[in-house]
Structures are given as structure tokens and as C-alpha cells.
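Enquirer: Take this structure, written in C-alpha cells, and hold onto it; I'll ask about it next.
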Amino acid sequence: MVGIRQIEVYIPERRISNYERKEELGITDDFITDKLGITYLSRMGPEQDTSDLCCMAFQNLRGRAGIDPSSIQVLIVCTQNPDYNLPHTSAVVHGKLGLPESCAAFDISLGCSGYVYGLAVVQSFMQLNGMQQGLFFTADPYSRIIDPNDKSTSVLFGDAATVTLISNDSVFRLGRFTFGTRGKGSHHLICREKKLHMNGREIFNFAASTVPPDIHRVLEANGLTIKDIDRFLLHQGSKFIVDFLAKKLGLPPEKTPFVIEEYGNTVSSSIPIMIKPLLNDLSVKQILITGFGVGLSWASGILTRSS
């Protein structure tokens, strides 16, 4: 069964400080520290595009894993901020990486739940078609659609990309997934006229009401309990929401990391960024991942270390 073999990350070096902008945005040190938990936001360069972020992540993967591009049979990109309306960004990445013409390539348009959805899609696609090796990219540079004067969004989102190598020779195999959608609330996090608009209170209420029961649902679907899980990797929306969900579920801080202080909420990239350092941590056997946001959409899954 295919699963996660390796993950590599690209986070642009350029940073914006929330502390340096606090007066113009009317926010306080306490708000930055306790609510956001985000000191800096990563920003891609003006010459970079979504496909470039993906390619940078792949170069890191190729350097560490020694991967042969000719062995890739499928390439999927999760983004809602593509290079163009068409063609699909995965085709652009495919061309830049020089992958074989026999390689399938397509995009998934999902936000913060996109990594979990994408794992389910790539696993199913590869197993159905007898594929051995695939690449799953996440890259959603929200800096393209953020109003710098909107304090509800401009202090939250950072740019990044990840690539997950999916293969039969996996470090973590994939368990059962759970999914959900609340389309009637989609207007609470929406891009209109190329600008992002977010109702922060409604997004918090949505996460608070859907994530805890979905975590219990995915545990039940996999025949597990909270005590069986070594890490709960919750989408990194903000420190406040991660802390709230952990407390509501009764999870200890050491099992629910918050890691985005230096780069911000990277949308679909937030979960794979957290998985990467755990790949070689043999003490971590079971991981629960959950993403929630745009749609309004949510999804959870279980990763189990291969024996």
C-alpha cells in the first residue's frame, strides 16, 4: 500500500514582522503573542510564482532523497492561487521539472483541508492504477490576494510549498479518512475581486464545532483512541485556535505542536511542514492530522509508521 516516503519544504527567506506593523494595524503585543502566535510572515519574491515554490521544494527533495524524475508516475498540486487560470499549475511544474510524458498531472483546488484530502486522492489514484511513485505538492501563496491593510488576514498568512513523495516504500502508511463540508458558510472565507475576505469569528466557530467531533470520528473509523496517538497535527490557523481545540479535546501540549511563529499560516502546507521532522522520530508511531478552513471544509486522517 502506498504511503508517505519523504517530505521536503520550501519557505521563502523574505519576512514581514507583525510587531513592526502593529500600530498601523491597531493590534497589540498581547494579541500577537497570545492570539496569533505569529511573529513573522514569509513572503515569496516578486519574481516567484506558485510553480516556482513547488520546484524549490522539489529541489530540496531531490537533493535529500536522490529521486529520479523519470520514475514519477503522477504529480498533483494543491493550490487555490495557481500561476494561471489555465493551464493547471501541475502541468507547469511538470514541464519545469522535465518529468516524463507518461506522468499524470492535475490540480486540487482546496485550502486548509487540502493536504488531508490530497493524501486520500493520491493514494486512491495510485493504487487504482498500479503506480509506484508520485509527488503531491502544496503551495498556496495567499500574499497574492491579501489586502495589506486588512488586519484580519494580513497578520496571519505566510507563503510556503511542500512536496510529499508517495511510494510503496513508505515511512507512514495511510489509514481511513473522514471529510466534511459546510458550503452554506463558504462566504465567510472568500476571495472577491482578487482580495481575501475572512469573518474570523465565524471561522473560529466553525472550527470549534466541527474539528473535535471529526477527530473522534476518525479515531473510531480507525479503531483507535486518543491515547493511541503520539502527535495531533492540527492545521495551524492561529495559536488561539490550536490551543482552544487542544484544550477542548484534553490533549497535552507536547502532543499538539504549534510551529508557525516564524512564517505564519501556510494553508495546505501547514500539516506536511509538521510531519517532516517526525519522519525520522521513531518514537512517533501514530499521527492524527486534521485540516479545516476554506469551503467551509474539513478532513482528518491517521498516519501509522510502517513496520
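Labels used: A, B, ... for chains in the order of the C-alpha cells, numbers from 1 for residues in each chain, and numbers from 1 for ligands as shown.
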Might you pull out every residue within 10 Å of Ile67 of chain A, with only C-alpha atoms counted and same-chain residues fewer than 6 positions away left off, and present them as a compact mmCIF listing (two decimals) with N, CA and C atoms, in the first residue's frame?

Expert:
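Done, and the output landed in part-v2.txt:
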```txt
# COMPACT_ATOMS: atom_id res chain seq x y z
N PHE A 58 10.82 20.72 -4.60
CA PHE A 58 11.29 19.50 -5.26
C PHE A 58 12.81 19.43 -5.28
N GLN A 59 13.46 20.55 -5.49
CA GLN A 59 14.93 20.53 -5.49
C GLN A 59 15.46 20.08 -4.13
N LEU A 61 13.86 18.03 -2.16
CA LEU A 61 13.57 16.59 -2.12
C LEU A 61 14.60 15.82 -2.94
N LEU A 165 6.65 12.81 -1.19
CA LEU A 165 6.93 11.66 -2.05
C LEU A 165 6.06 10.50 -1.57
```

Enquirer: Would you mind writing down, as a list in words, each residue of segment 204-248 of chain A that DSSP on the backbone assigns to strand (DSSP E or B)?

Expert: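 The strand (DSSP E or B) subset of segment 204-248 of chain A is Arg231, Phe232, Leu233 and Leu234 of chain A.
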
Enquirer: Leaving out Ile190 of chain A and any residue of its chain fewer than 5 positions from it, which residues lie within 12 Å of it when counting only C-alpha atoms, given as a PyMOL selection string?

Expert: chain A and resi 80+111+142+145-146+153+183+185+195-200+203+293-296

Enquirer: I need the chosen residues saved as a short mmCIF file (atom, residue, chain, number, x, y, z; two decimals), in the first residue's frame, with C-alpha atoms.

Expert:
```
data_model
loop_
_atom_site.label_atom_id
_atom_site.label_comp_id
_atom_site.auth_asym_id
_atom_site.auth_seq_id
_atom_site.Cartn_x
_atom_site.Cartn_y
_atom_site.Cartn_z
CA GLN A 80 -6.17 27.94 -4.89
CA GLY A 111 -7.34 25.32 1.08
CA TYR A 142 -2.01 33.99 -0.08
CA ILE A 145 -4.73 38.06 -2.55
CA ILE A 146 -4.22 39.71 0.85
CA THR A 153 -5.90 38.45 7.17
CA GLY A 183 -20.96 25.02 1.88
CA GLY A 185 -20.77 29.08 5.19
CA LYS A 195 -8.89 40.16 -2.37
CA LEU A 196 -9.31 37.77 0.54
CA HIS A 197 -12.16 38.40 2.99
CA MET A 198 -12.47 36.49 6.25
CA ASN A 199 -15.00 36.57 9.06
CA GLY A 200 -12.66 35.46 11.83
CA ILE A 203 -14.26 30.66 11.08
CA GLY A 293 -10.90 26.14 6.54
CA VAL A 294 -11.92 27.33 3.08
CA GLY A 295 -15.13 25.80 1.83
CA LEU A 296 -16.03 25.54 4.63
#
```

Enquirer: For Met44 of chain A, please output as a list in words all residues within 12 Å (counting only C-alpha atoms; exclusion window: fewer than 5 positions along the same chain).

Expert: Tyr10, Ile11, Pro12, Glu13, Arg14, Arg15, Ile16, Asp49, Thr50, Ser51, Asp52, Leu53, Cys54, Met56, Ala139, Asp140, Pro141, Tyr142, Ser143, Arg144, Phe157, Gly158, Asp159, Ala160, Ala161, Tyr263 and Thr266 of chain A

Enquirer: Report, in Å with one decimal, the straight-line distance from atom CA of Ser238 of chain A to atom CA of Leu36 of chain A.

Expert: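 That distance, rounded to one decimal, is 5.0 Å.
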
Enquirer: Env of Ala299 of chain A: 8 Å cut, atoms = only C-alpha atoms, seq-sep filter 3 positions within chain, self excluded. Answer as JSON, numbers by chain.

Expert: {"A": [113, 116, 117, 177, 178, 179, 180, 214, 290, 291, 292]}

Enquirer: Write out, as a PDB file, in the first residue's frame, the residues just selected, with N, CA and C atoms.

Expert:
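Dumped to part_4.pdb:
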```
ATOM      1  N   SER A 113      -7.815  22.327   4.299  1.00  0.00           N
ATOM      2  CA  SER A 113      -8.048  20.889   4.398  1.00  0.00           C
ATOM      3  C   SER A 113      -7.388  20.127   3.257  1.00  0.00           C
ATOM      4  N   VAL A 116      -4.960  16.865   3.616  1.00  0.00           N
ATOM      5  CA  VAL A 116      -5.615  15.618   4.023  1.00  0.00           C
ATOM      6  C   VAL A 116      -6.428  15.060   2.852  1.00  0.00           C
ATOM      7  N   TYR A 117      -7.213  15.913   2.204  1.00  0.00           N
ATOM      8  CA  TYR A 117      -7.948  15.474   1.021  1.00  0.00           C
ATOM      9  C   TYR A 117      -6.986  14.926  -0.033  1.00  0.00           C
ATOM     10  N   PHE A 177      -9.866   7.948   6.294  1.00  0.00           N
ATOM     11  CA  PHE A 177     -10.052   9.389   6.371  1.00  0.00           C
ATOM     12  C   PHE A 177     -11.506   9.724   6.672  1.00  0.00           C
ATOM     13  N   THR A 178     -11.721  10.917   7.201  1.00  0.00           N
ATOM     14  CA  THR A 178     -13.065  11.475   7.340  1.00  0.00           C
ATOM     15  C   THR A 178     -13.083  12.853   6.688  1.00  0.00           C
ATOM     16  N   PHE A 179     -14.242  13.253   6.175  1.00  0.00           N
ATOM     17  CA  PHE A 179     -14.364  14.506   5.432  1.00  0.00           C
ATOM     18  C   PHE A 179     -15.674  15.201   5.788  1.00  0.00           C
ATOM     19  N   GLY A 180     -15.722  16.491   5.529  1.00  0.00           N
ATOM     20  CA  GLY A 180     -16.962  17.226   5.717  1.00  0.00           C
ATOM     21  C   GLY A 180     -16.941  18.565   5.007  1.00  0.00           C
ATOM     22  N   ASP A 214     -15.012  15.531  14.607  1.00  0.00           N
ATOM     23  CA  ASP A 214     -14.397  14.828  13.482  1.00  0.00           C
ATOM     24  C   ASP A 214     -13.171  14.045  13.931  1.00  0.00           C
ATOM     25  N   THR A 290      -5.450  16.807  10.923  1.00  0.00           N
ATOM     26  CA  THR A 290      -6.760  17.386  10.638  1.00  0.00           C
ATOM     27  C   THR A 290      -6.605  18.778  10.058  1.00  0.00           C
ATOM     28  N   GLY A 291      -7.288  19.024   8.946  1.00  0.00           N
ATOM     29  CA  GLY A 291      -7.264  20.331   8.291  1.00  0.00           C
ATOM     30  C   GLY A 291      -8.674  20.892   8.208  1.00  0.00           C
ATOM     31  N   PHE A 292      -8.775  22.233   8.266  1.00  0.00           N
ATOM     32  CA  PHE A 292     -10.106  22.857   8.273  1.00  0.00           C
ATOM     33  C   PHE A 292      -9.971  24.299   7.811  1.00  0.00           C
TER      34      PHE A 292
END
```

Enquirer: Measuring atom to atom with only C-alpha atoms, identify which of A:Phe258, A:Phe232, A:Tyr40, A:Phe240 is nearest to Gly301 of chain A.

Expert: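 Nearest to Gly301 of chain A: A:Phe232.
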
Enquirer: Run DSSP on the backbone and tell me which residues of segment 169-256 of chain A come out as alpha helix (DSSP H); list them as a PDB file with N, CA and C atoms, in the first residue's frame.

Expert:
```pdb
ATOM      1  N   GLY A 200     -13.436  36.241  10.881  1.00  0.00           N
ATOM      2  CA  GLY A 200     -12.656  35.462  11.831  1.00  0.00           C
ATOM      3  C   GLY A 200     -13.493  34.766  12.889  1.00  0.00           C
ATOM      4  N   ARG A 201     -14.523  35.447  13.393  1.00  0.00           N
ATOM      5  CA  ARG A 201     -15.370  34.860  14.433  1.00  0.00           C
ATOM      6  C   ARG A 201     -16.113  33.636  13.896  1.00  0.00           C
ATOM      7  N   GLU A 202     -16.638  33.737  12.666  1.00  0.00           N
ATOM      8  CA  GLU A 202     -17.370  32.617  12.087  1.00  0.00           C
ATOM      9  C   GLU A 202     -16.439  31.444  11.785  1.00  0.00           C
ATOM     10  N   ILE A 203     -15.213  31.732  11.352  1.00  0.00           N
ATOM     11  CA  ILE A 203     -14.260  30.660  11.078  1.00  0.00           C
ATOM     12  C   ILE A 203     -13.885  29.946  12.378  1.00  0.00           C
ATOM     13  N   PHE A 204     -13.707  30.714  13.439  1.00  0.00           N
ATOM     14  CA  PHE A 204     -13.426  30.097  14.737  1.00  0.00           C
ATOM     15  C   PHE A 204     -14.596  29.218  15.186  1.00  0.00           C
ATOM     16  N   ASN A 205     -15.817  29.738  15.074  1.00  0.00           N
ATOM     17  CA  ASN A 205     -16.990  28.963  15.490  1.00  0.00           C
ATOM     18  C   ASN A 205     -17.112  27.686  14.667  1.00  0.00           C
ATOM     19  N   PHE A 206     -16.833  27.790  13.396  1.00  0.00           N
ATOM     20  CA  PHE A 206     -16.866  26.620  12.518  1.00  0.00           C
ATOM     21  C   PHE A 206     -15.867  25.566  12.977  1.00  0.00           C
ATOM     22  N   ALA A 207     -14.623  25.982  13.205  1.00  0.00           N
ATOM     23  CA  ALA A 207     -13.593  25.028  13.627  1.00  0.00           C
ATOM     24  C   ALA A 207     -13.923  24.420  14.982  1.00  0.00           C
ATOM     25  N   ALA A 208     -14.389  25.261  15.905  1.00  0.00           N
ATOM     26  CA  ALA A 208     -14.695  24.781  17.255  1.00  0.00           C
ATOM     27  C   ALA A 208     -15.818  23.757  17.254  1.00  0.00           C
ATOM     28  N   SER A 209     -16.757  23.870  16.317  1.00  0.00           N
ATOM     29  CA  SER A 209     -17.912  22.970  16.306  1.00  0.00           C
ATOM     30  C   SER A 209     -17.683  21.713  15.470  1.00  0.00           C
ATOM     31  N   THR A 210     -16.752  21.755  14.512  1.00  0.00           N
ATOM     32  CA  THR A 210     -16.576  20.610  13.607  1.00  0.00           C
ATOM     33  C   THR A 210     -15.349  19.761  13.896  1.00  0.00           C
ATOM     34  N   VAL A 211     -14.248  20.374  14.315  1.00  0.00           N
ATOM     35  CA  VAL A 211     -12.994  19.622  14.445  1.00  0.00           C
ATOM     36  C   VAL A 211     -13.029  18.587  15.568  1.00  0.00           C
ATOM     37  N   PRO A 212     -13.426  18.925  16.808  1.00  0.00           N
ATOM     38  CA  PRO A 212     -13.418  17.903  17.863  1.00  0.00           C
ATOM     39  C   PRO A 212     -14.249  16.658  17.523  1.00  0.00           C
ATOM     40  N   PRO A 213     -15.513  16.808  17.061  1.00  0.00           N
ATOM     41  CA  PRO A 213     -16.247  15.580  16.722  1.00  0.00           C
ATOM     42  C   PRO A 213     -15.636  14.819  15.549  1.00  0.00           C
ATOM     43  N   ASP A 214     -15.012  15.531  14.607  1.00  0.00           N
ATOM     44  CA  ASP A 214     -14.397  14.828  13.482  1.00  0.00           C
ATOM     45  C   ASP A 214     -13.171  14.045  13.931  1.00  0.00           C
ATOM     46  N   ILE A 215     -12.432  14.562  14.889  1.00  0.00           N
ATOM     47  CA  ILE A 215     -11.286  13.818  15.434  1.00  0.00           C
ATOM     48  C   ILE A 215     -11.769  12.530  16.099  1.00  0.00           C
ATOM     49  N   HIS A 216     -12.847  12.619  16.851  1.00  0.00           N
ATOM     50  CA  HIS A 216     -13.393  11.395  17.459  1.00  0.00           C
ATOM     51  C   HIS A 216     -13.894  10.434  16.378  1.00  0.00           C
ATOM     52  N   ARG A 217     -14.436  10.988  15.297  1.00  0.00           N
ATOM     53  CA  ARG A 217     -14.952  10.152  14.211  1.00  0.00           C
ATOM     54  C   ARG A 217     -13.842   9.407  13.490  1.00  0.00           C
ATOM     55  N   VAL A 218     -12.717  10.105  13.230  1.00  0.00           N
ATOM     56  CA  VAL A 218     -11.620   9.437  12.513  1.00  0.00           C
ATOM     57  C   VAL A 218     -10.938   8.407  13.413  1.00  0.00           C
ATOM     58  N   LEU A 219     -10.880   8.678  14.713  1.00  0.00           N
ATOM     59  CA  LEU A 219     -10.338   7.680  15.632  1.00  0.00           C
ATOM     60  C   LEU A 219     -11.189   6.418  15.615  1.00  0.00           C
ATOM     61  N   GLU A 220     -12.492   6.602  15.681  1.00  0.00           N
ATOM     62  CA  GLU A 220     -13.397   5.450  15.667  1.00  0.00           C
ATOM     63  C   GLU A 220     -13.270   4.678  14.352  1.00  0.00           C
ATOM     64  N   ALA A 221     -13.156   5.392  13.239  1.00  0.00           N
ATOM     65  CA  ALA A 221     -13.061   4.747  11.928  1.00  0.00           C
ATOM     66  C   ALA A 221     -11.802   3.890  11.811  1.00  0.00           C
ATOM     67  N   LYS A 239      -2.502  30.503  16.991  1.00  0.00           N
ATOM     68  CA  LYS A 239      -2.222  29.899  18.291  1.00  0.00           C
ATOM     69  C   LYS A 239      -3.514  29.726  19.084  1.00  0.00           C
ATOM     70  N   PHE A 240      -4.394  30.701  18.979  1.00  0.00           N
ATOM     71  CA  PHE A 240      -5.626  30.657  19.758  1.00  0.00           C
ATOM     72  C   PHE A 240      -6.482  29.445  19.390  1.00  0.00           C
ATOM     73  N   ILE A 241      -6.637  29.183  18.092  1.00  0.00           N
ATOM     74  CA  ILE A 241      -7.486  28.071  17.686  1.00  0.00           C
ATOM     75  C   ILE A 241      -6.842  26.728  18.008  1.00  0.00           C
ATOM     76  N   VAL A 242      -5.532  26.609  17.830  1.00  0.00           N
ATOM     77  CA  VAL A 242      -4.854  25.353  18.167  1.00  0.00           C
ATOM     78  C   VAL A 242      -4.951  25.091  19.669  1.00  0.00           C
ATOM     79  N   ASP A 243      -4.695  26.123  20.481  1.00  0.00           N
ATOM     80  CA  ASP A 243      -4.788  25.966  21.935  1.00  0.00           C
ATOM     81  C   ASP A 243      -6.213  25.606  22.358  1.00  0.00           C
ATOM     82  N   PHE A 244      -7.204  26.257  21.741  1.00  0.00           N
ATOM     83  CA  PHE A 244      -8.596  26.003  22.099  1.00  0.00           C
ATOM     84  C   PHE A 244      -8.981  24.553  21.789  1.00  0.00           C
ATOM     85  N   LEU A 245      -8.637  24.094  20.584  1.00  0.00           N
ATOM     86  CA  LEU A 245      -9.002  22.732  20.187  1.00  0.00           C
ATOM     87  C   LEU A 245      -8.295  21.700  21.059  1.00  0.00           C
ATOM     88  N   ALA A 246      -7.019  21.941  21.359  1.00  0.00           N
ATOM     89  CA  ALA A 246      -6.279  21.009  22.205  1.00  0.00           C
ATOM     90  C   ALA A 246      -6.909  20.914  23.591  1.00  0.00           C
ATOM     91  N   LYS A 247      -7.296  22.065  24.141  1.00  0.00           N
ATOM     92  CA  LYS A 247      -7.912  22.080  25.473  1.00  0.00           C
ATOM     93  C   LYS A 247      -9.273  21.393  25.449  1.00  0.00           C
ATOM     94  N   LYS A 248     -10.060  21.646  24.406  1.00  0.00           N
ATOM     95  CA  LYS A 248     -11.390  21.053  24.313  1.00  0.00           C
ATOM     96  C   LYS A 248     -11.312  19.532  24.208  1.00  0.00           C
ATOM     97  N   LEU A 249     -10.262  19.054  23.541  1.00  0.00           N
ATOM     98  CA  LEU A 249     -10.087  17.611  23.370  1.00  0.00           C
ATOM     99  C   LEU A 249      -9.303  16.965  24.514  1.00  0.00           C
TER     100      LEU A 249
END
```

Enquirer: Which residue gives the smallest distance to Ser17 of chain A among A:Pro69, A:Gly264, A:Gly175, A:Gly134, with only C-alpha atoms counted?

Expert: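 Counting only C-alpha atoms, the residue closest to Ser17 of chain A is A:Gly264.
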
Enquirer: So that I can see what lies close to Val122 of chain A, please list as an mmCIF file with N, CA and C atoms, in the first residue's frame the residues with an atom at most 10 Å from it, counting only C-alpha atoms and leaving out residues fewer than 3 positions away in the same chain.

Expert:
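That gives us around26.cif:
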```cif
data_model
loop_
_atom_site.group_PDB
_atom_site.id
_atom_site.type_symbol
_atom_site.label_atom_id
_atom_site.label_comp_id
_atom_site.auth_asym_id
_atom_site.auth_seq_id
_atom_site.Cartn_x
_atom_site.Cartn_y
_atom_site.Cartn_z
ATOM 1 N N VAL A 2 0.544 2.218 -0.856
ATOM 2 C CA VAL A 2 1.358 3.423 -0.937
ATOM 3 C C VAL A 2 1.143 4.302 0.292
ATOM 4 N N GLY A 3 2.174 5.074 0.627
ATOM 5 C CA GLY A 3 2.118 5.979 1.767
ATOM 6 C C GLY A 3 3.193 7.040 1.645
ATOM 7 N N VAL A 74 2.812 10.201 -11.239
ATOM 8 C CA VAL A 74 1.716 11.149 -11.062
ATOM 9 C C VAL A 74 2.222 12.343 -10.261
ATOM 10 N N LEU A 75 1.731 13.522 -10.631
ATOM 11 C CA LEU A 75 2.084 14.768 -9.959
ATOM 12 C C LEU A 75 0.790 15.528 -9.692
ATOM 13 N N ILE A 76 0.551 15.840 -8.424
ATOM 14 C CA ILE A 76 -0.653 16.577 -8.031
ATOM 15 C C ILE A 76 -0.233 17.839 -7.296
ATOM 16 N N TYR A 117 -7.213 15.913 2.204
ATOM 17 C CA TYR A 117 -7.948 15.474 1.021
ATOM 18 C C TYR A 117 -6.986 14.926 -0.033
ATOM 19 N N GLY A 118 -5.885 15.645 -0.256
ATOM 20 C CA GLY A 118 -4.951 15.269 -1.294
ATOM 21 C C GLY A 118 -4.301 13.923 -1.063
ATOM 22 N N LEU A 119 -3.985 13.617 0.202
ATOM 23 C CA LEU A 119 -3.417 12.298 0.503
ATOM 24 C C LEU A 119 -4.390 11.194 0.120
ATOM 25 N N PHE A 125 -5.709 7.172 -6.365
ATOM 26 C CA PHE A 125 -5.322 7.255 -7.777
ATOM 27 C C PHE A 125 -4.176 6.295 -8.083
ATOM 28 N N MET A 126 -3.194 6.278 -7.206
ATOM 29 C CA MET A 126 -2.030 5.427 -7.446
ATOM 30 C C MET A 126 -2.374 3.952 -7.301
ATOM 31 N N GLN A 127 -3.134 3.611 -6.277
ATOM 32 C CA GLN A 127 -3.462 2.199 -6.072
ATOM 33 C C GLN A 127 -4.349 1.667 -7.188
ATOM 34 N N LEU A 128 -5.308 2.462 -7.640
ATOM 35 C CA LEU A 128 -6.211 2.021 -8.702
ATOM 36 C C LEU A 128 -5.450 1.768 -10.006
ATOM 37 N N GLY A 134 4.770 8.786 -6.705
ATOM 38 C CA GLY A 134 4.102 10.027 -7.081
ATOM 39 C C GLY A 134 4.548 11.193 -6.225
ATOM 40 N N LEU A 135 4.236 12.386 -6.689
ATOM 41 C CA LEU A 135 4.562 13.616 -5.973
ATOM 42 C C LEU A 135 3.283 14.385 -5.687
ATOM 43 N N PHE A 136 3.131 14.811 -4.442
ATOM 44 C CA PHE A 136 1.987 15.628 -4.038
ATOM 45 C C PHE A 136 2.510 16.948 -3.484
ATOM 46 N N ILE A 166 5.185 10.043 -2.439
ATOM 47 C CA ILE A 166 4.281 8.936 -2.129
ATOM 48 C C ILE A 166 4.793 7.686 -2.849
#
```

Enquirer: Go through A:Pro277, A:Ser283, A:Ile72, A:His94 and flag the residue nearest Val259 of chain A, using only C-alpha atoms for the distances.

Expert: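 Residue with the minimum atom-to-atom distance to Val259 of chain A: A:Pro277.
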
Enquirer: Interatomic distance between atom CA of Ile302 of chain A and atom CA of Asp107 of chain A?

Expert: 23.2 Å

Enquirer: Tell me which of A:Arg192, A:Ser270, A:Pro253, A:Leu288 sits closest to Ile226 of chain A, counting only C-alpha atoms.

Expert: A:Leu288

Enquirer: Of the candidates A:Ser70, A:Arg173, A:Pro272, A:Ser154, which shows the shortest atom-to-atom distance to Ser102 of chain A, using only C-alpha atoms?

Expert: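 Closest candidate: A:Ser70.
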
Enquirer: For Val284 of chain A, work out the shell of residues within 8 Å, counting only C-alpha atoms and skipping chain neighbours fewer than 6 positions away, then give it as a PyMOL selection string.

Expert: chain A and resi 230-231+278+305

Enquirer: To one decimal in Å, tell me the separation between atom CA of Lys255 of chain A and atom CA of Leu233 of chain A.

Expert: 8.1 Å
